[in-house]
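Engineer: work.cif is reproduced below (mmCIF, C-alpha atoms).
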```
data_target
loop_
_atom_site.group_PDB
_atom_site.id
_atom_site.type_symbol
_atom_site.label_atom_id
_atom_site.label_comp_id
_atom_site.auth_asym_id
_atom_site.auth_seq_id
_atom_site.Cartn_x
_atom_site.Cartn_y
_atom_site.Cartn_z
ATOM 1 C CA MET S 25 91.581 80.252 86.867
ATOM 2 C CA PRO S 26 90.908 78.800 90.360
ATOM 3 C CA SER S 27 92.002 75.243 91.073
ATOM 4 C CA ILE S 28 90.630 72.138 92.732
ATOM 5 C CA ILE S 29 93.396 70.320 94.639
ATOM 6 C CA SER S 30 92.789 66.734 95.752
ATOM 7 C CA ILE S 31 95.021 65.729 98.671
ATOM 8 C CA THR S 32 94.947 61.970 98.390
ATOM 9 C CA GLU S 33 96.440 58.742 97.113
ATOM 10 C CA ARG S 34 92.984 57.256 96.480
ATOM 11 C CA PRO S 35 92.079 56.990 92.769
ATOM 12 C CA GLU S 36 88.379 57.481 93.534
ATOM 13 C CA ASP S 37 88.995 60.750 95.392
ATOM 14 C CA ALA S 38 91.217 62.048 92.594
ATOM 15 C CA ALA S 39 88.581 61.079 90.010
ATOM 16 C CA PHE S 40 85.951 62.951 91.990
ATOM 17 C CA GLY S 41 88.226 65.994 92.134
ATOM 18 C CA GLN S 42 88.568 65.905 88.348
ATOM 19 C CA ALA S 43 84.802 65.633 87.895
ATOM 20 C CA LEU S 44 84.272 68.489 90.321
ATOM 21 C CA ALA S 45 86.799 70.681 88.503
ATOM 22 C CA LYS S 46 85.055 69.964 85.203
ATOM 23 C CA HIS S 47 81.668 71.025 86.574
ATOM 24 C CA ALA S 48 83.110 74.151 88.203
ATOM 25 C CA LYS S 49 85.349 74.924 85.202
ATOM 26 C CA PHE S 50 88.401 75.023 87.487
ATOM 27 C CA ASP S 51 91.875 73.601 86.971
ATOM 28 C CA PHE S 52 92.692 70.326 88.715
ATOM 29 C CA VAL S 53 95.772 69.173 90.617
ATOM 30 C CA ASN S 54 96.304 66.023 92.677
ATOM 31 C CA ALA S 55 98.781 66.387 95.556
ATOM 32 C CA ARG S 56 100.007 63.023 96.848
ATOM 33 C CA ARG S 57 102.376 64.473 99.462
ATOM 34 C CA ALA S 58 102.225 67.364 101.922
ATOM 35 C CA ASN S 59 105.300 68.950 100.355
ATOM 36 C CA GLU S 60 103.612 68.750 96.938
ATOM 37 C CA LEU S 61 100.611 70.539 98.390
ATOM 38 C CA ARG S 62 102.826 73.294 99.759
ATOM 39 C CA LYS S 63 104.396 73.863 96.337
ATOM 40 C CA VAL S 64 101.043 73.928 94.558
ATOM 41 C CA LEU S 65 99.448 76.296 97.076
ATOM 42 C CA LYS S 66 102.210 78.885 96.601
ATOM 43 C CA ASP S 67 100.717 79.682 93.202
ATOM 44 C CA ASN S 68 97.090 78.753 94.018
ATOM 45 C CA LYS S 69 96.218 80.438 97.295
ATOM 46 C CA ASP S 70 92.522 80.565 96.347
ATOM 47 C CA ALA S 71 92.354 76.849 95.514
ATOM 48 C CA ILE S 72 89.579 74.620 96.807
ATOM 49 C CA LEU S 73 91.038 71.666 98.721
ATOM 50 C CA LEU S 74 89.597 68.134 98.875
ATOM 51 C CA TRP S 75 91.323 66.477 101.832
ATOM 52 C CA ASP S 76 91.249 62.712 102.430
ATOM 53 C CA VAL S 77 91.204 62.503 106.245
ATOM 54 C CA ASP S 78 90.660 58.793 106.865
ATOM 55 C CA HIS S 79 93.190 56.942 104.729
ATOM 56 C CA PRO S 80 94.962 54.001 106.438
ATOM 57 C CA HIS S 81 98.041 56.048 107.379
ATOM 58 C CA CYS S 82 96.342 59.299 108.377
ATOM 59 C CA LEU S 83 97.497 59.116 112.024
ATOM 60 C CA GLU S 84 101.080 58.069 111.284
ATOM 61 C CA ALA S 85 103.074 61.243 111.870
ATOM 62 C CA VAL S 86 105.858 60.230 109.489
ATOM 63 C CA HIS S 87 103.524 59.564 106.568
ATOM 64 C CA PRO S 88 103.650 62.316 103.892
ATOM 65 C CA LEU S 89 99.845 62.577 103.922
ATOM 66 C CA SER S 90 99.333 62.307 107.672
ATOM 67 C CA ILE S 91 96.710 64.562 109.257
ATOM 68 C CA SER S 92 99.442 66.496 111.061
ATOM 69 C CA ASN S 93 101.651 67.043 107.990
ATOM 70 C CA VAL S 94 98.819 68.094 105.697
ATOM 71 C CA GLY S 95 97.102 70.071 108.444
ATOM 72 C CA ASN S 96 100.228 72.136 109.083
ATOM 73 C CA VAL S 97 100.382 73.098 105.405
ATOM 74 C CA ILE S 98 96.690 73.935 105.185
ATOM 75 C CA GLY S 99 96.748 75.888 108.432
ATOM 76 C CA SER S 100 99.556 78.118 107.229
ATOM 77 C CA MET S 101 98.599 78.488 103.554
ATOM 78 C CA SER S 102 94.812 78.237 103.202
ATOM 79 C CA THR S 103 91.592 79.117 105.020
ATOM 80 C CA PRO S 104 88.872 76.829 106.439
ATOM 81 C CA ASP S 105 86.196 78.128 104.072
ATOM 82 C CA ARG S 106 88.108 76.574 101.140
ATOM 83 C CA VAL S 107 88.709 73.146 102.671
ATOM 84 C CA PHE S 108 86.413 70.124 102.103
ATOM 85 C CA VAL S 109 87.339 67.032 104.088
ATOM 86 C CA ILE S 110 86.337 63.641 102.667
ATOM 87 C CA SER S 111 85.751 60.479 104.671
ATOM 88 C CA ASP S 112 83.781 57.239 104.701
ATOM 89 C CA GLN S 113 82.073 57.998 108.002
ATOM 90 C CA ALA S 114 80.619 60.830 110.035
ATOM 91 C CA LEU S 115 83.129 63.332 111.388
ATOM 92 C CA ASN S 116 82.340 62.433 114.984
ATOM 93 C CA SER S 117 83.653 58.966 114.056
ATOM 94 C CA THR S 118 86.988 60.604 113.179
ATOM 95 C CA PRO S 119 87.358 62.901 116.211
ATOM 96 C CA TYR S 120 91.051 63.535 115.582
ATOM 97 C CA ILE S 121 90.164 65.894 112.730
ATOM 98 C CA PHE S 122 88.686 68.366 115.232
ATOM 99 C CA ASN S 123 92.161 68.822 116.720
ATOM 100 C CA MET S 124 93.014 70.675 113.506
ATOM 101 C CA PRO S 125 89.881 72.664 112.632
ATOM 102 C CA TYR S 126 91.090 73.783 109.215
ATOM 103 C CA PHE S 127 87.884 72.953 107.365
ATOM 104 C CA SER S 128 84.311 74.163 106.919
ATOM 105 C CA HIS S 129 82.900 71.396 104.735
ATOM 106 C CA HIS S 130 82.576 67.607 104.810
ATOM 107 C CA ILE S 131 81.746 65.168 102.006
ATOM 108 C CA TYR S 132 81.014 61.484 102.480
ATOM 109 C CA ARG S 133 82.883 59.293 100.024
ATOM 110 C CA GLN S 134 79.723 58.719 97.955
ATOM 111 C CA PHE S 135 80.272 60.260 94.549
ATOM 112 C CA LYS S 136 77.249 59.272 92.465
ATOM 113 C CA ASP S 137 75.617 61.971 90.334
ATOM 114 C CA PRO S 138 74.683 64.692 91.073
ATOM 115 C CA THR S 139 77.333 64.944 93.830
ATOM 116 C CA ALA S 140 80.025 66.636 91.704
ATOM 117 C CA GLU S 141 77.508 69.101 90.301
ATOM 118 C CA ILE S 142 76.238 70.182 93.726
ATOM 119 C CA ILE S 143 79.705 70.407 95.292
ATOM 120 C CA ALA S 144 80.825 72.476 92.279
ATOM 121 C CA TYR S 145 78.207 75.077 93.216
ATOM 122 C CA LEU S 146 79.556 75.087 96.770
ATOM 123 C CA ALA S 147 83.154 75.368 95.546
ATOM 124 C CA LYS S 148 82.300 78.419 93.453
ATOM 125 C CA ALA S 149 80.400 79.969 96.360
ATOM 126 C CA CYS S 150 83.499 79.654 98.562
ATOM 127 C CA GLY S 151 85.133 82.431 96.565
ATOM 128 C CA SER S 152 82.035 84.624 96.397
ATOM 129 C CA THR S 153 81.364 87.724 98.475
ATOM 130 C CA ASP S 154 77.640 86.959 98.213
ATOM 131 C CA PRO S 155 77.051 83.189 98.669
ATOM 132 C CA PHE S 156 73.355 83.672 99.338
ATOM 133 C CA GLY S 157 70.258 82.712 97.399
ATOM 134 C CA LEU S 158 69.156 79.224 96.390
ATOM 135 C CA GLU S 159 69.640 79.931 92.671
ATOM 136 C CA LYS S 160 73.416 79.775 93.208
ATOM 137 C CA PHE S 161 73.121 76.066 94.079
ATOM 138 C CA MET S 162 70.743 74.939 91.373
ATOM 139 C CA PRO S 163 71.121 74.433 87.591
ATOM 140 C CA GLU S 164 70.844 77.579 85.515
ATOM 141 C CA GLY S 165 67.243 78.329 84.675
ATOM 142 C CA THR S 166 65.774 76.483 87.663
ATOM 143 C CA GLN S 167 62.484 77.987 88.759
ATOM 144 C CA ILE S 168 62.810 79.088 92.378
ATOM 145 C CA ARG S 169 59.593 79.268 94.362
ATOM 146 C CA LYS S 170 59.677 81.968 97.032
ATOM 147 C CA ILE S 171 57.498 82.421 100.112
ATOM 148 C CA MET S 172 57.742 84.880 102.995
ATOM 149 C CA LEU S 173 56.526 83.589 106.350
ATOM 150 C CA LYS S 174 54.821 86.429 108.237
ATOM 151 C CA LYS S 175 53.210 84.278 110.926
ATOM 152 C CA ALA S 176 54.698 81.449 112.975
ATOM 153 C CA SER S 177 51.840 79.116 112.031
ATOM 154 C CA GLN S 178 52.686 79.326 108.316
ATOM 155 C CA ARG S 179 55.413 76.763 108.796
ATOM 156 C CA LYS S 180 52.726 74.055 108.989
ATOM 157 C CA ALA S 181 51.478 74.945 105.499
ATOM 158 C CA VAL S 182 55.046 74.794 104.174
ATOM 159 C CA VAL S 183 55.578 71.349 105.676
ATOM 160 C CA ASN S 184 52.316 70.126 104.138
ATOM 161 C CA GLY S 185 53.372 71.516 100.776
ATOM 162 C CA MET S 186 56.700 69.686 101.015
ATOM 163 C CA THR S 187 54.864 66.449 101.728
ATOM 164 C CA ASN S 188 52.770 66.842 98.581
ATOM 165 C CA LEU S 189 55.734 67.819 96.409
ATOM 166 C CA LEU S 190 57.898 64.911 97.521
ATOM 167 C CA GLY S 191 55.009 62.524 97.084
ATOM 168 C CA LYS S 192 54.720 63.527 93.420
ATOM 169 C CA THR S 193 58.403 62.680 92.814
ATOM 170 C CA GLY S 194 57.940 59.094 93.978
ATOM 171 C CA THR S 195 60.129 59.664 97.033
ATOM 172 C CA PRO S 196 59.831 56.772 99.538
ATOM 173 C CA PRO S 197 57.622 57.534 102.566
ATOM 174 C CA GLN S 198 60.496 57.146 105.055
ATOM 175 C CA LEU S 199 62.557 59.785 103.247
ATOM 176 C CA ILE S 200 59.534 62.086 102.944
ATOM 177 C CA GLN S 201 59.095 61.900 106.708
ATOM 178 C CA MET S 202 62.774 62.667 107.305
ATOM 179 C CA ALA S 203 62.650 65.613 104.882
ATOM 180 C CA ILE S 204 59.543 67.222 106.332
ATOM 181 C CA GLN S 205 60.815 66.808 109.904
ATOM 182 C CA THR S 206 64.060 68.487 108.899
ATOM 183 C CA THR S 207 62.230 71.278 107.073
ATOM 184 C CA ASP S 208 60.171 71.856 110.215
ATOM 185 C CA GLU S 209 63.360 71.965 112.327
ATOM 186 C CA ILE S 210 64.938 74.517 109.990
ATOM 187 C CA LEU S 211 61.866 76.740 110.070
ATOM 188 C CA MET S 212 61.549 76.494 113.856
ATOM 189 C CA ASN S 213 65.184 77.523 114.160
ATOM 190 C CA ALA S 214 64.621 80.578 111.950
ATOM 191 C CA ILE S 215 61.441 81.571 113.798
ATOM 192 C CA PHE S 216 62.265 80.742 117.416
ATOM 193 C CA ASP S 217 66.064 80.476 117.824
ATOM 194 C CA ALA S 218 67.411 83.116 115.445
ATOM 195 C CA PRO S 219 65.685 86.269 116.790
ATOM 196 C CA LEU S 220 68.181 88.158 118.915
ATOM 197 C CA GLN S 221 68.051 91.462 120.760
ATOM 198 C CA GLY S 222 71.341 92.282 122.396
ATOM 199 C CA GLU S 223 72.257 88.994 124.072
ATOM 200 C CA ASN S 224 68.638 87.916 124.494
ATOM 201 C CA ARG S 225 67.207 85.201 122.238
ATOM 202 C CA TYR S 226 63.743 86.330 123.080
ATOM 203 C CA ARG S 227 61.754 83.705 121.121
ATOM 204 C CA ARG S 228 63.654 80.625 122.292
ATOM 205 C CA GLN S 229 61.520 79.861 125.348
ATOM 206 C CA ILE S 230 58.181 80.194 123.536
ATOM 207 C CA GLU S 231 56.156 77.035 122.927
ATOM 208 C CA ARG S 232 56.721 75.847 119.358
ATOM 209 C CA ASN S 233 53.008 75.451 118.679
ATOM 210 C CA MET S 234 52.187 79.080 119.471
ATOM 211 C CA ASP S 235 51.120 81.408 116.681
ATOM 212 C CA PHE S 236 52.121 85.060 116.452
ATOM 213 C CA GLU S 237 52.846 87.719 113.872
ATOM 214 C CA LEU S 238 56.445 88.137 112.734
ATOM 215 C CA SER S 239 57.898 91.633 112.531
ATOM 216 C CA GLU S 240 59.602 92.758 109.329
ATOM 217 C CA LYS S 241 62.985 91.675 110.683
ATOM 218 C CA GLU S 242 61.588 88.396 112.045
ATOM 219 C CA CYS S 243 59.961 87.333 108.756
ATOM 220 C CA VAL S 244 61.495 84.193 107.279
ATOM 221 C CA ASP S 245 62.211 83.915 103.550
ATOM 222 C CA LEU S 246 61.731 80.459 102.100
ATOM 223 C CA GLU S 247 62.991 79.276 98.703
ATOM 224 C CA LEU S 248 62.394 75.938 96.984
ATOM 225 C CA GLY S 249 64.015 74.581 93.831
ATOM 226 C CA VAL S 250 63.962 71.275 91.972
ATOM 227 C CA GLY S 251 67.088 70.268 90.033
ATOM 228 C CA LYS S 252 68.061 67.130 88.161
ATOM 229 C CA GLY S 253 68.284 64.398 90.764
ATOM 230 C CA TYR S 254 67.690 66.586 93.820
ATOM 231 C CA LEU S 255 65.584 69.314 95.336
ATOM 232 C CA ALA S 256 66.548 71.956 97.866
ATOM 233 C CA ILE S 257 64.717 74.126 100.360
ATOM 234 C CA CYS S 258 66.302 77.209 101.924
ATOM 235 C CA ALA S 259 65.158 79.193 104.985
ATOM 236 C CA ARG S 260 66.623 82.657 105.590
ATOM 237 C CA ASP S 261 66.477 84.656 108.807
ATOM 238 C CA HIS S 262 67.657 88.255 109.157
ATOM 239 C CA PHE S 263 69.723 88.025 112.324
ATOM 240 C CA GLY S 264 72.927 86.291 111.174
ATOM 241 C CA SER S 265 74.157 84.890 114.490
ATOM 242 C CA LEU S 266 74.996 81.340 113.425
ATOM 243 C CA LYS S 267 78.709 80.620 113.851
ATOM 244 C CA ARG S 268 80.870 77.987 112.206
ATOM 245 C CA ASP S 269 82.332 76.884 115.529
ATOM 246 C CA SER S 270 78.843 76.283 116.920
ATOM 247 C CA VAL S 271 77.955 74.088 113.949
ATOM 248 C CA LEU S 272 81.149 72.052 114.346
ATOM 249 C CA ASN S 273 80.476 71.704 118.073
ATOM 250 C CA PHE S 274 77.060 70.207 117.369
ATOM 251 C CA ILE S 275 78.571 67.806 114.851
ATOM 252 C CA ARG S 276 81.317 66.829 117.297
ATOM 253 C CA LYS S 277 78.793 65.843 119.977
ATOM 254 C CA ASN S 278 77.997 62.160 120.335
ATOM 255 C CA TYR S 279 74.444 62.340 121.614
ATOM 256 C CA GLU S 280 74.240 58.555 122.055
ATOM 257 C CA LYS S 281 77.031 58.460 124.626
ATOM 258 C CA GLN S 282 76.577 61.647 126.624
ATOM 259 C CA ASP S 283 73.838 63.879 127.867
ATOM 260 C CA TYR S 284 73.583 67.163 126.044
ATOM 261 C CA LYS S 285 72.358 70.383 127.620
ATOM 262 C CA VAL S 286 71.367 73.372 125.521
ATOM 263 C CA LYS S 287 73.321 76.513 126.285
ATOM 264 C CA ASP S 288 71.537 79.817 125.849
ATOM 265 C CA ASP S 289 74.455 81.275 123.917
ATOM 266 C CA ASP S 290 74.576 78.410 121.407
ATOM 267 C CA HIS S 291 72.518 79.593 118.456
ATOM 268 C CA GLY S 292 71.310 76.638 116.473
ATOM 269 C CA ALA S 293 70.640 74.394 119.461
ATOM 270 C CA GLY S 294 67.054 73.917 118.289
ATOM 271 C CA LEU S 295 68.141 72.933 114.820
ATOM 272 C CA GLY S 296 69.040 69.352 115.648
ATOM 273 C CA ILE S 297 72.092 69.540 113.400
ATOM 274 C CA TYR S 298 73.586 66.310 114.646
ATOM 275 C CA GLY S 299 70.428 64.305 114.109
ATOM 276 C CA ILE S 300 69.787 65.771 110.661
ATOM 277 C CA LEU S 301 73.251 64.935 109.393
ATOM 278 C CA GLN S 302 73.197 61.494 110.998
ATOM 279 C CA SER S 303 69.987 60.769 109.110
ATOM 280 C CA GLY S 304 71.871 61.074 105.816
ATOM 281 C CA LEU S 305 70.450 64.408 104.665
ATOM 282 C CA SER S 306 72.722 67.255 103.546
ATOM 283 C CA LEU S 307 72.862 70.803 104.870
ATOM 284 C CA LEU S 308 74.429 74.051 103.728
ATOM 285 C CA PHE S 309 74.827 76.882 106.225
ATOM 286 C CA SER S 310 75.528 80.412 104.987
ATOM 287 C CA SER S 311 75.863 83.216 107.500
ATOM 288 C CA ARG S 312 76.784 86.889 107.468
ATOM 289 C CA PRO S 313 77.177 88.141 111.062
ATOM 290 C CA ASN S 314 74.327 90.359 112.239
ATOM 291 C CA VAL S 315 72.774 90.381 108.763
ATOM 292 C CA LYS S 316 71.321 86.991 107.780
ATOM 293 C CA THR S 317 71.678 83.235 107.952
ATOM 294 C CA GLU S 318 70.523 80.717 105.367
ATOM 295 C CA VAL S 319 70.102 77.009 106.064
ATOM 296 C CA THR S 320 69.570 74.910 102.942
ATOM 297 C CA LEU S 321 68.445 71.291 102.929
ATOM 298 C CA PHE S 322 69.395 69.138 99.924
ATOM 299 C CA ILE S 323 67.260 66.059 99.270
ATOM 300 C CA PRO S 324 68.139 63.450 96.625
ATOM 301 C CA VAL S 325 65.291 62.351 94.377
ATOM 302 C CA VAL S 326 65.362 58.564 94.726
ATOM 303 C CA LYS S 327 62.880 55.704 94.446
ATOM 304 C CA ASN S 328 63.959 53.699 97.495
ATOM 305 C CA MET S 329 65.952 54.006 100.702
ATOM 306 C CA LYS S 330 68.773 51.826 99.385
ATOM 307 C CA SER S 331 69.463 54.441 96.696
ATOM 308 C CA PHE S 332 69.184 57.203 99.291
ATOM 309 C CA ARG S 333 71.884 55.608 101.459
ATOM 310 C CA THR S 334 74.374 55.708 98.576
ATOM 311 C CA SER S 335 73.433 59.161 97.284
ATOM 312 C CA PHE S 336 75.250 62.440 97.960
ATOM 313 C CA ARG S 337 75.814 63.388 101.587
ATOM 314 C CA PHE S 338 77.596 66.483 102.869
ATOM 315 C CA PHE S 339 77.527 69.543 105.054
ATOM 316 C CA SER S 340 78.955 72.928 104.211
ATOM 317 C CA PHE S 341 79.418 76.218 106.059
ATOM 318 C CA LEU S 342 79.946 79.442 104.131
#
```
Please express what this file holds, its structure, as structure tokens.

Structural biologist:
Amino acid sequence: MPSIISITERPEDAAFGQALAKHAKFDFVNARRANELRKVLKDNKDAILLWDVDHPHCLEAVHPLSISNVGNVIGSMSTPDRVFVISDQALNSTPYIFNMPYFSHHIYRQFKDPTAEIIAYLAKACGSTDPFGLEKFMPEGTQIRKIMLKKASQRKAVVNGMTNLLGKTGTPPQLIQMAIQTTDEILMNAIFDAPLQGENRYRRQIERNMDFELSEKECVDLELGVGKGYLAICARDHFGSLKRDSVLNFIRKNYEKQDYKVKDDDHGAGLGIYGILQSGLSLLFSSRPNVKTEVTLFIPVVKNMKSFRTSFRFFSFL
């Protein structure tokens, strides 16, 4: 049976790891030292790691749970797709972690339900050869609504539909606005940024308000599901050129302190990844090179913005 390994001295992180393991039906181990982690990983090479990267001693090289000591173990014995880092703040507020890019997922230290349930779906997908399809990240039996966008202008109808759906759940207007803006960004990325012919992203320079037919390969698949305490919307393109390093580069950027220029070879530049994650929403990226990319937005169902600010918050790249 696969394992969840918490790498922490914090009781709350260990408790979350236990809850996550219960949801995923995995074993659980808490490693409080880098050498303990090394011993555990020898027999659990497929384990999912939950790594506390902002504890008070994380930058002290001699500490047994320092970033350098734990990072050396993870770098030699695991793979980034199985590593979730946990912190109290955004990753660009802990820039030292990018010096050891041994992770593909980040969780804010906000563990209210349904956080463990959602992250359990992600943990199981980490070991899957086919981590695609919204049903893999929703409770069993969830009805998944599916739409295929065959024209660029259809994205407006989708955004309107999201507005109506969120309104029926009692979602606060500010969160509705954030969610529909993000949904629009995701769809624009799939329609305008993803299409690629050779090295040419031939839709990128087109005005976003233009309407045109989408070819069979350019059509965008949209899926929507409502779970207990959250809903999710997934957009799938059929080009598969989104790269993990590009996503981490966007997250690393501090747009408030430096000018940012879009590079033509940076797929995802139109997605506004930094802004979306800074807003408090959660994103899952799943990509198979030259085949398809899925971007999934997770939205907590809450009654006010105070509850939203303490709800689940993460990003994940599969």

Engineer: For a quick check of understanding, using only C-alpha atoms, which of S:Gly299, S:Pro197, S:Pro88, S:Pro80 has the smallest distance to S:Arg56?

Structural biologist: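 Smallest distance to S:Arg56 is found for S:Pro88.
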
Engineer: Using the chain letters and numbering of this document, enumerate as a PyMOL selection string the residues selected by the PyMOL selection byres ((chain S and resi 113-119) around 12).

Structural biologist: chain S and resi 76-79+82-83+91+108-112+120-125+127-134+272-281+298-304+337-339

Engineer: So, with only C-alpha atoms as the atoms that count, which of S:Trp75, S:Phe135, S:Tyr254, S:Phe216 lies closest to S:Arg228?

Structural biologist: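 Using only C-alpha atoms, the shortest distance to S:Arg228 belongs to S:Phe216.
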
Engineer: With a distance cut-off of 7 Å and only C-alpha atoms, select the neighbouring residues of S:Lys174, excluding the residue or stretch itself and same-chain residues fewer than 3 positions from it, and output the selection as an MDAnalysis selection string.

Structural biologist: chainID S and resid 237:238 243

Engineer: List, as number ranges by chain, every residue that the PyMOL selection byres ((chain S and resi 48) around 10) selects in the file provided.

Structural biologist: S: 26-28, 42-47, 49-51, 140-148

Engineer: For S:Ile171, which residue among S:Met212, S:Leu248, S:Met329, S:Met101 is the nearest when counting only C-alpha atoms?

Structural biologist: S:Leu248
